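coords06.cif, holding mmCIF, N, CA and C atoms:
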```cif
data_query
#
loop_
_atom_site.label_atom_id
_atom_site.label_comp_id
_atom_site.auth_asym_id
_atom_site.auth_seq_id
_atom_site.Cartn_x
_atom_site.Cartn_y
_atom_site.Cartn_z
N MET A 1 135.36 71.10 105.56
CA MET A 1 134.95 71.12 104.17
C MET A 1 135.20 72.51 103.60
N SER A 2 135.70 72.56 102.38
CA SER A 2 135.99 73.86 101.77
C SER A 2 134.69 74.59 101.44
N GLU A 3 134.80 75.89 101.35
CA GLU A 3 133.63 76.70 101.05
C GLU A 3 133.08 76.36 99.66
N GLY A 4 133.99 76.14 98.69
CA GLY A 4 133.55 75.79 97.34
C GLY A 4 132.78 74.49 97.32
N LEU A 5 133.27 73.51 98.05
CA LEU A 5 132.58 72.22 98.10
C LEU A 5 131.21 72.37 98.75
N GLU A 6 131.14 73.20 99.77
CA GLU A 6 129.85 73.43 100.43
C GLU A 6 128.85 74.06 99.45
N HIS A 7 129.30 75.03 98.67
CA HIS A 7 128.41 75.65 97.68
C HIS A 7 127.98 74.63 96.62
N TYR A 8 128.92 73.79 96.22
CA TYR A 8 128.61 72.76 95.23
C TYR A 8 127.54 71.82 95.76
N LYS A 9 127.69 71.37 96.98
CA LYS A 9 126.70 70.47 97.58
C LYS A 9 125.34 71.16 97.73
N GLN A 10 125.35 72.43 98.09
CA GLN A 10 124.09 73.16 98.18
C GLN A 10 123.43 73.25 96.80
N GLY A 11 124.26 73.47 95.79
CA GLY A 11 123.74 73.51 94.42
C GLY A 11 123.11 72.20 94.02
N LEU A 12 123.76 71.10 94.37
CA LEU A 12 123.20 69.78 94.06
C LEU A 12 121.86 69.58 94.76
N SER A 13 121.77 70.05 95.98
CA SER A 13 120.52 69.93 96.72
C SER A 13 119.41 70.74 96.03
N HIS A 14 119.72 71.97 95.65
CA HIS A 14 118.73 72.79 94.95
C HIS A 14 118.34 72.15 93.62
N PHE A 15 119.32 71.62 92.90
CA PHE A 15 119.03 70.98 91.62
C PHE A 15 118.07 69.81 91.82
N GLY A 16 118.32 69.02 92.84
CA GLY A 16 117.48 67.87 93.14
C GLY A 16 116.05 68.25 93.48
N GLN A 17 115.85 69.49 93.88
CA GLN A 17 114.51 69.99 94.21
C GLN A 17 113.94 70.84 93.07
N ASN A 18 114.59 70.75 91.90
CA ASN A 18 114.17 71.52 90.72
C ASN A 18 114.23 73.02 90.95
N GLU A 19 115.12 73.46 91.81
CA GLU A 19 115.33 74.88 92.08
C GLU A 19 116.59 75.30 91.30
N PHE A 20 116.41 75.42 89.98
CA PHE A 20 117.56 75.58 89.10
C PHE A 20 118.23 76.93 89.23
N VAL A 21 117.48 77.98 89.42
CA VAL A 21 118.08 79.32 89.57
C VAL A 21 118.96 79.35 90.81
N GLU A 22 118.47 78.78 91.90
CA GLU A 22 119.25 78.72 93.15
C GLU A 22 120.49 77.84 92.96
N ALA A 23 120.32 76.73 92.24
CA ALA A 23 121.47 75.84 91.98
C ALA A 23 122.54 76.59 91.20
N ILE A 24 122.12 77.33 90.19
CA ILE A 24 123.08 78.09 89.38
C ILE A 24 123.88 79.05 90.25
N GLU A 25 123.21 79.74 91.13
CA GLU A 25 123.91 80.68 92.02
C GLU A 25 124.93 79.96 92.90
N CYS A 26 124.54 78.82 93.43
CA CYS A 26 125.47 78.05 94.28
C CYS A 26 126.68 77.57 93.47
N TYR A 27 126.42 77.07 92.26
CA TYR A 27 127.52 76.58 91.43
C TYR A 27 128.47 77.72 91.07
N LYS A 28 127.92 78.88 90.78
CA LYS A 28 128.78 80.02 90.45
C LYS A 28 129.65 80.41 91.64
N ARG A 29 129.08 80.33 92.84
CA ARG A 29 129.89 80.62 94.04
C ARG A 29 130.97 79.56 94.22
N ALA A 30 130.65 78.31 93.94
CA ALA A 30 131.65 77.25 94.06
C ALA A 30 132.80 77.48 93.08
N LEU A 31 132.48 78.01 91.92
CA LEU A 31 133.50 78.24 90.89
C LEU A 31 134.39 79.45 91.18
N GLU A 32 133.99 80.29 92.12
CA GLU A 32 134.81 81.45 92.46
C GLU A 32 136.20 81.03 92.93
N GLY A 33 136.28 79.94 93.66
CA GLY A 33 137.57 79.47 94.15
C GLY A 33 138.35 78.66 93.13
N ASP A 34 137.64 78.05 92.17
CA ASP A 34 138.28 77.23 91.14
C ASP A 34 137.42 77.27 89.89
N PRO A 35 137.65 78.25 89.01
CA PRO A 35 136.81 78.41 87.83
C PRO A 35 136.90 77.27 86.82
N ASP A 36 137.87 76.37 87.00
CA ASP A 36 138.03 75.24 86.10
C ASP A 36 137.59 73.92 86.72
N TRP A 37 136.78 73.96 87.74
CA TRP A 37 136.29 72.76 88.43
C TRP A 37 135.25 72.09 87.53
N VAL A 38 135.68 71.06 86.83
CA VAL A 38 134.87 70.43 85.79
C VAL A 38 133.56 69.87 86.33
N ASP A 39 133.56 69.23 87.48
CA ASP A 39 132.32 68.68 88.02
C ASP A 39 131.28 69.77 88.24
N VAL A 40 131.71 70.90 88.74
CA VAL A 40 130.79 72.00 88.99
C VAL A 40 130.32 72.59 87.66
N LEU A 41 131.21 72.68 86.70
CA LEU A 41 130.82 73.19 85.39
C LEU A 41 129.76 72.29 84.73
N HIS A 42 129.94 70.99 84.85
CA HIS A 42 128.92 70.05 84.34
C HIS A 42 127.57 70.34 85.00
N ALA A 43 127.58 70.45 86.30
CA ALA A 43 126.34 70.69 87.05
C ALA A 43 125.73 72.03 86.66
N LEU A 44 126.57 73.04 86.53
CA LEU A 44 126.10 74.36 86.14
C LEU A 44 125.42 74.31 84.78
N ALA A 45 126.03 73.65 83.82
CA ALA A 45 125.45 73.56 82.48
C ALA A 45 124.08 72.89 82.52
N MET A 46 123.95 71.83 83.28
CA MET A 46 122.66 71.14 83.38
C MET A 46 121.61 72.04 84.04
N ALA A 47 122.00 72.76 85.07
CA ALA A 47 121.05 73.67 85.72
C ALA A 47 120.65 74.80 84.78
N GLN A 48 121.62 75.30 84.01
CA GLN A 48 121.31 76.35 83.06
C GLN A 48 120.31 75.87 82.02
N MET A 49 120.52 74.67 81.50
CA MET A 49 119.59 74.14 80.50
C MET A 49 118.20 73.95 81.10
N ASN A 50 118.14 73.42 82.31
CA ASN A 50 116.86 73.17 82.94
C ASN A 50 116.14 74.45 83.35
N SER A 51 116.87 75.55 83.48
CA SER A 51 116.24 76.82 83.82
C SER A 51 115.87 77.62 82.58
N GLY A 52 116.12 77.04 81.41
CA GLY A 52 115.77 77.73 80.17
C GLY A 52 116.89 78.59 79.60
N GLU A 53 118.08 78.49 80.16
CA GLU A 53 119.23 79.26 79.68
C GLU A 53 120.08 78.41 78.74
N GLY A 54 119.50 78.03 77.61
CA GLY A 54 120.16 77.12 76.68
C GLY A 54 121.50 77.62 76.14
N GLU A 55 121.54 78.89 75.78
CA GLU A 55 122.80 79.44 75.25
C GLU A 55 123.89 79.43 76.31
N ALA A 56 123.53 79.74 77.54
CA ALA A 56 124.50 79.70 78.63
C ALA A 56 124.97 78.27 78.88
N ALA A 57 124.05 77.31 78.77
CA ALA A 57 124.42 75.90 78.95
C ALA A 57 125.42 75.48 77.89
N VAL A 58 125.20 75.89 76.66
CA VAL A 58 126.14 75.57 75.58
C VAL A 58 127.50 76.19 75.87
N ALA A 59 127.53 77.44 76.29
CA ALA A 59 128.80 78.10 76.58
C ALA A 59 129.54 77.37 77.71
N THR A 60 128.82 76.98 78.73
CA THR A 60 129.45 76.26 79.84
C THR A 60 129.92 74.88 79.38
N GLY A 61 129.10 74.21 78.57
CA GLY A 61 129.50 72.90 78.04
C GLY A 61 130.75 73.00 77.18
N LYS A 62 130.84 74.05 76.38
CA LYS A 62 132.05 74.26 75.56
C LYS A 62 133.27 74.48 76.45
N ARG A 63 133.08 75.14 77.57
CA ARG A 63 134.19 75.37 78.51
C ARG A 63 134.69 74.03 79.06
N VAL A 64 133.78 73.13 79.37
CA VAL A 64 134.18 71.81 79.86
C VAL A 64 134.99 71.09 78.79
N VAL A 65 134.54 71.17 77.54
CA VAL A 65 135.26 70.51 76.44
C VAL A 65 136.64 71.14 76.25
N GLU A 66 136.75 72.46 76.44
CA GLU A 66 138.06 73.11 76.38
C GLU A 66 139.00 72.54 77.44
N LEU A 67 138.46 72.36 78.64
CA LEU A 67 139.28 71.86 79.75
C LEU A 67 139.62 70.38 79.59
N ASP A 68 138.68 69.60 79.04
CA ASP A 68 138.89 68.17 78.88
C ASP A 68 138.24 67.71 77.57
N PRO A 69 138.98 67.81 76.46
CA PRO A 69 138.41 67.45 75.16
C PRO A 69 137.97 65.99 75.06
N ASN A 70 138.46 65.14 75.93
CA ASN A 70 138.11 63.72 75.90
C ASN A 70 137.02 63.35 76.89
N ASP A 71 136.25 64.32 77.33
CA ASP A 71 135.15 64.10 78.25
C ASP A 71 133.90 63.76 77.44
N ALA A 72 133.61 62.46 77.32
CA ALA A 72 132.46 62.01 76.52
C ALA A 72 131.16 62.58 77.05
N PHE A 73 131.04 62.69 78.37
CA PHE A 73 129.82 63.22 78.96
C PHE A 73 129.60 64.67 78.54
N ALA A 74 130.67 65.45 78.46
CA ALA A 74 130.54 66.86 78.04
C ALA A 74 130.03 66.94 76.61
N HIS A 75 130.55 66.09 75.73
CA HIS A 75 130.10 66.09 74.35
C HIS A 75 128.65 65.62 74.25
N THR A 76 128.28 64.63 75.05
CA THR A 76 126.89 64.17 75.07
C THR A 76 125.97 65.29 75.55
N SER A 77 126.38 65.97 76.60
CA SER A 77 125.58 67.08 77.12
C SER A 77 125.41 68.17 76.07
N LEU A 78 126.50 68.52 75.40
CA LEU A 78 126.40 69.54 74.34
C LEU A 78 125.43 69.10 73.25
N SER A 79 125.46 67.84 72.91
CA SER A 79 124.54 67.31 71.91
C SER A 79 123.09 67.54 72.35
N ILE A 80 122.82 67.22 73.60
CA ILE A 80 121.47 67.42 74.14
C ILE A 80 121.10 68.90 74.15
N PHE A 81 122.02 69.75 74.56
CA PHE A 81 121.75 71.19 74.61
C PHE A 81 121.42 71.72 73.21
N TYR A 82 122.21 71.31 72.21
CA TYR A 82 121.95 71.76 70.85
C TYR A 82 120.59 71.26 70.35
N MET A 83 120.24 70.02 70.68
CA MET A 83 118.94 69.50 70.25
C MET A 83 117.79 70.30 70.87
N ARG A 84 117.93 70.62 72.15
CA ARG A 84 116.87 71.41 72.79
C ARG A 84 116.77 72.80 72.15
N LEU A 85 117.92 73.39 71.85
CA LEU A 85 117.89 74.69 71.19
C LEU A 85 117.30 74.58 69.78
N SER A 86 117.56 73.47 69.11
CA SER A 86 116.99 73.29 67.77
C SER A 86 115.47 73.19 67.85
N ASN A 87 114.96 72.56 68.89
CA ASN A 87 113.51 72.50 69.08
C ASN A 87 112.93 73.90 69.26
N ASP A 88 113.64 74.72 70.03
CA ASP A 88 113.20 76.10 70.24
C ASP A 88 113.20 76.87 68.93
N ALA A 89 114.26 76.68 68.13
CA ALA A 89 114.36 77.37 66.85
C ALA A 89 113.25 76.92 65.91
N GLU A 90 112.96 75.64 65.93
CA GLU A 90 111.89 75.13 65.08
C GLU A 90 110.54 75.71 65.49
N LYS A 91 110.29 75.77 66.79
CA LYS A 91 109.03 76.35 67.28
C LYS A 91 108.91 77.82 66.89
N ALA A 92 110.06 78.50 66.81
CA ALA A 92 110.08 79.91 66.43
C ALA A 92 110.01 80.10 64.92
N GLY A 93 109.99 78.99 64.17
CA GLY A 93 109.90 79.06 62.73
C GLY A 93 111.21 79.28 62.01
N ASP A 94 112.33 79.14 62.72
CA ASP A 94 113.65 79.35 62.11
C ASP A 94 114.23 77.99 61.72
N GLU A 95 113.79 77.49 60.57
CA GLU A 95 114.21 76.16 60.11
C GLU A 95 115.71 76.08 59.85
N ALA A 96 116.30 77.13 59.31
CA ALA A 96 117.74 77.12 59.03
C ALA A 96 118.54 76.99 60.32
N GLU A 97 118.14 77.72 61.34
CA GLU A 97 118.84 77.64 62.62
C GLU A 97 118.63 76.27 63.26
N ALA A 98 117.43 75.75 63.15
CA ALA A 98 117.15 74.41 63.69
C ALA A 98 118.05 73.38 63.03
N ARG A 99 118.20 73.44 61.71
CA ARG A 99 119.08 72.49 61.00
C ARG A 99 120.53 72.65 61.43
N ARG A 100 120.97 73.91 61.57
CA ARG A 100 122.36 74.16 61.99
C ARG A 100 122.61 73.56 63.38
N LEU A 101 121.66 73.73 64.28
CA LEU A 101 121.82 73.20 65.63
C LEU A 101 121.77 71.68 65.65
N ILE A 102 120.95 71.09 64.80
CA ILE A 102 120.90 69.63 64.71
C ILE A 102 122.24 69.09 64.23
N GLU A 103 122.85 69.76 63.26
CA GLU A 103 124.17 69.35 62.77
C GLU A 103 125.20 69.40 63.90
N LEU A 104 125.16 70.46 64.70
CA LEU A 104 126.08 70.57 65.83
C LEU A 104 125.81 69.46 66.84
N ALA A 105 124.54 69.17 67.08
CA ALA A 105 124.18 68.10 68.02
C ALA A 105 124.72 66.76 67.53
N GLU A 106 124.55 66.49 66.25
CA GLU A 106 125.03 65.23 65.69
C GLU A 106 126.55 65.13 65.77
N LYS A 107 127.22 66.24 65.52
CA LYS A 107 128.69 66.26 65.61
C LYS A 107 129.16 65.95 67.03
N GLU A 108 128.52 66.59 68.01
CA GLU A 108 128.91 66.35 69.41
C GLU A 108 128.58 64.92 69.84
N GLY A 109 127.43 64.41 69.40
CA GLY A 109 127.07 63.04 69.73
C GLY A 109 128.06 62.05 69.12
N SER A 110 128.46 62.30 67.91
CA SER A 110 129.45 61.44 67.25
C SER A 110 130.79 61.48 67.99
N GLU A 111 131.19 62.68 68.41
CA GLU A 111 132.45 62.82 69.16
C GLU A 111 132.38 62.03 70.46
N ALA A 112 131.25 62.10 71.14
CA ALA A 112 131.08 61.35 72.39
C ALA A 112 131.21 59.85 72.15
N ARG A 113 130.59 59.38 71.08
CA ARG A 113 130.67 57.94 70.76
C ARG A 113 132.10 57.52 70.44
N MET A 114 132.83 58.35 69.70
CA MET A 114 134.22 58.02 69.36
C MET A 114 135.09 57.97 70.61
N ILE A 115 134.92 58.92 71.49
CA ILE A 115 135.70 58.93 72.73
C ILE A 115 135.38 57.70 73.56
N SER A 116 134.10 57.38 73.67
CA SER A 116 133.69 56.20 74.45
C SER A 116 134.25 54.93 73.84
N ARG A 117 134.23 54.83 72.53
CA ARG A 117 134.76 53.64 71.86
C ARG A 117 136.26 53.50 72.09
N LYS A 118 136.98 54.60 72.00
CA LYS A 118 138.43 54.56 72.25
C LYS A 118 138.72 54.11 73.68
N GLU A 119 137.95 54.62 74.62
CA GLU A 119 138.12 54.22 76.03
C GLU A 119 137.82 52.73 76.20
N GLU A 120 136.76 52.29 75.56
CA GLU A 120 136.39 50.87 75.65
C GLU A 120 137.51 49.99 75.10
N LEU A 121 138.10 50.39 73.98
CA LEU A 121 139.16 49.58 73.38
C LEU A 121 140.43 49.58 74.22
N LYS A 122 140.66 50.65 74.97
CA LYS A 122 141.81 50.65 75.89
C LYS A 122 141.63 49.58 76.95
N GLU A 123 140.41 49.45 77.46
CA GLU A 123 140.12 48.48 78.52
C GLU A 123 139.91 47.08 77.97
N ASN A 124 139.36 46.97 76.78
CA ASN A 124 139.05 45.68 76.20
C ASN A 124 139.36 45.71 74.71
N PRO A 125 140.62 45.44 74.34
CA PRO A 125 141.02 45.52 72.93
C PRO A 125 140.24 44.56 72.02
N ASP A 126 139.64 43.53 72.59
CA ASP A 126 138.89 42.56 71.79
C ASP A 126 137.39 42.86 71.75
N ALA A 127 137.01 44.04 72.18
CA ALA A 127 135.59 44.40 72.19
C ALA A 127 135.04 44.36 70.77
N PRO A 128 133.83 43.82 70.61
CA PRO A 128 133.25 43.78 69.26
C PRO A 128 132.94 45.19 68.78
N PRO A 129 132.91 45.38 67.47
CA PRO A 129 132.59 46.72 66.96
C PRO A 129 131.15 47.08 67.31
N PRO A 130 130.88 48.37 67.39
CA PRO A 130 129.51 48.78 67.70
C PRO A 130 128.57 48.41 66.56
N ALA A 131 127.32 48.26 66.88
CA ALA A 131 126.30 47.97 65.86
C ALA A 131 126.13 49.20 64.97
N ALA A 132 125.54 48.98 63.84
CA ALA A 132 125.29 50.08 62.90
C ALA A 132 124.38 51.11 63.56
N PRO A 133 124.55 52.38 63.21
CA PRO A 133 123.68 53.42 63.77
C PRO A 133 122.21 53.10 63.52
N GLY A 134 121.42 53.25 64.55
CA GLY A 134 119.99 53.02 64.43
C GLY A 134 119.56 51.58 64.60
N SER A 135 120.53 50.68 64.72
CA SER A 135 120.15 49.28 64.88
C SER A 135 119.70 49.01 66.31
N MET A 136 119.04 47.94 66.49
CA MET A 136 118.56 47.56 67.81
C MET A 136 119.22 46.26 68.24
N ASN A 137 120.51 46.15 68.00
CA ASN A 137 121.27 44.96 68.36
C ASN A 137 121.53 45.00 69.86
N VAL A 138 120.62 44.38 70.61
CA VAL A 138 120.69 44.42 72.06
C VAL A 138 121.02 43.02 72.57
N VAL A 139 121.97 42.94 73.49
CA VAL A 139 122.32 41.66 74.10
C VAL A 139 121.22 41.27 75.06
N GLN A 140 120.77 40.03 74.98
CA GLN A 140 119.68 39.61 75.87
C GLN A 140 120.13 38.46 76.72
#
```
Could you render the structure as structure tokens?
Amino acid sequence: MSEGLEHYKQGLSHFGQNEFVEAIECYKRALEGDPDWVDVLHALAMAQMNSGEGEAAVATGKRVVELDPNDAFAHTSLSIFYMRLSNDAEKAGDEAEARRLIELAEKEGSEARMISRKEELKENPDAPPPAAPGSMNVVQ
């Protein structure tokens, strides 16, 4: 097993035990051999967010989107990161920053939905259109 893969697995283990600082260190070591390893970057961003490093999580998430603009999960993650940061801004009384971050979150969420829809149509051209935003049209 490669050293990078071993560090990645150790990071996953730490993450699973809510040891986010340790996970971040392992992921960073895994990236030393391949700084563009998207799976590790995803994991790193999640660990950064869970350790309270929201800005770092956004930067890492943006890096994933640079590497793979059609990664719906990366856009979804960025949306979540922006929403968490908007909550922090709101708690700090910075309403303008909270609104700006919400707009970014909505943009990333929309991008994720568009990518997912395009992928779905590639696999199933006859797929029905998605329900209206906010609807509860659930198949039972």
Distance query range 97-105 of chain A at most 6 Å, only C-alpha atoms, self and fewer than 3 positions along chain excluded, as a ChimeraX atom specification: /A:79,82-83,86,89-90,94,108
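Among the candidates A:Asp39, A:Asp34, A:Thr76, A:Arg113, the residue lying nearest to Gly11 in chain A is A:Asp39 (atoms considered: only C-alpha atoms).
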Taking the file as shown, find all residues satisfying the PyMOL selection byres ((chain A and resi 47-61) around 7) and write them as JSON, numbers by chain. {"A": [15, 20, 21, 23, 24, 41, 42, 43, 44, 45, 46, 62, 63, 64, 65, 66, 74, 77, 78, 81, 82, 85]}
Which residues in range 101-132 of chain A does DSSP call alpha helix (DSSP H)? List them as a PyMOL selection string. chain A and resi 101-123
Which neighbours of Ala72 in chain A fall inside 6 Å, counting all atoms listed in the file, when residues of the same chain fewer than 6 positions from it are skipped, and could you give them as number ranges by chain? A: 112, 115-116
Write a file of the just-selected residues containing N, CA and C atoms, as a PDB file, in the coordinates of the input.
```
ATOM      1  N   ALA A 112     131.250  62.100  71.140  1.00  0.00           N
ATOM      2  CA  ALA A 112     131.080  61.350  72.390  1.00  0.00           C
ATOM      3  C   ALA A 112     131.210  59.850  72.150  1.00  0.00           C
ATOM      4  N   ILE A 115     134.920  58.920  71.490  1.00  0.00           N
ATOM      5  CA  ILE A 115     135.700  58.930  72.730  1.00  0.00           C
ATOM      6  C   ILE A 115     135.380  57.700  73.560  1.00  0.00           C
ATOM      7  N   SER A 116     134.100  57.380  73.670  1.00  0.00           N
ATOM      8  CA  SER A 116     133.690  56.200  74.450  1.00  0.00           C
ATOM      9  C   SER A 116     134.250  54.930  73.840  1.00  0.00           C
TER      10      SER A 116
END
```
Take the PyMOL selection byres ((chain A and resi 8) around 8), run it mentally on this structure, and tell me the resulting residues as an MDAnalysis selection string. chainID A and resid 2:7 9:14 26:31 40
Axis-aligned box for range 112-126 of chain A, 6 Å per side, centre and edges in Å as JSON:
```
{"center_x": 136.2, "center_y": 52.3, "center_z": 73.9, "size_x": 23.2, "size_y": 31.5, "size_z": 21.2}
```
Please report the interatomic distance between atom N of Glu22 in chain A and atom C of Gly109 in chain A in Å with one decimal.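 Value for the atom N of Glu22 in chain A-atom C of Gly109 in chain A distance: 29.8 Å.
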Hey, can you check how far CA of Glu19 in chain A sits from atom C of Asn70 in chain A?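 Value for the CA of Glu19 in chain A-atom C of Asn70 in chain A distance: 28.9 Å.
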Quick one, how far is atom C of Asp126 in chain A from atom C of Leu67 in chain A?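 The value is 28.7 Å.
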Which residue is closest to His75 in chain A? Choose from A:Glu119, A:Glu25, A:Asp88, A:Glu111 and count all atoms listed in the file. A:Glu111
So, with only C-alpha atoms as the atoms that count, which of A:Val38, A:Met114, A:Leu121, A:Ala127 lies closest to Asp68 in chain A?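 Once distances to Asp68 in chain A are computed over only C-alpha atoms, the minimum belongs to A:Val38.
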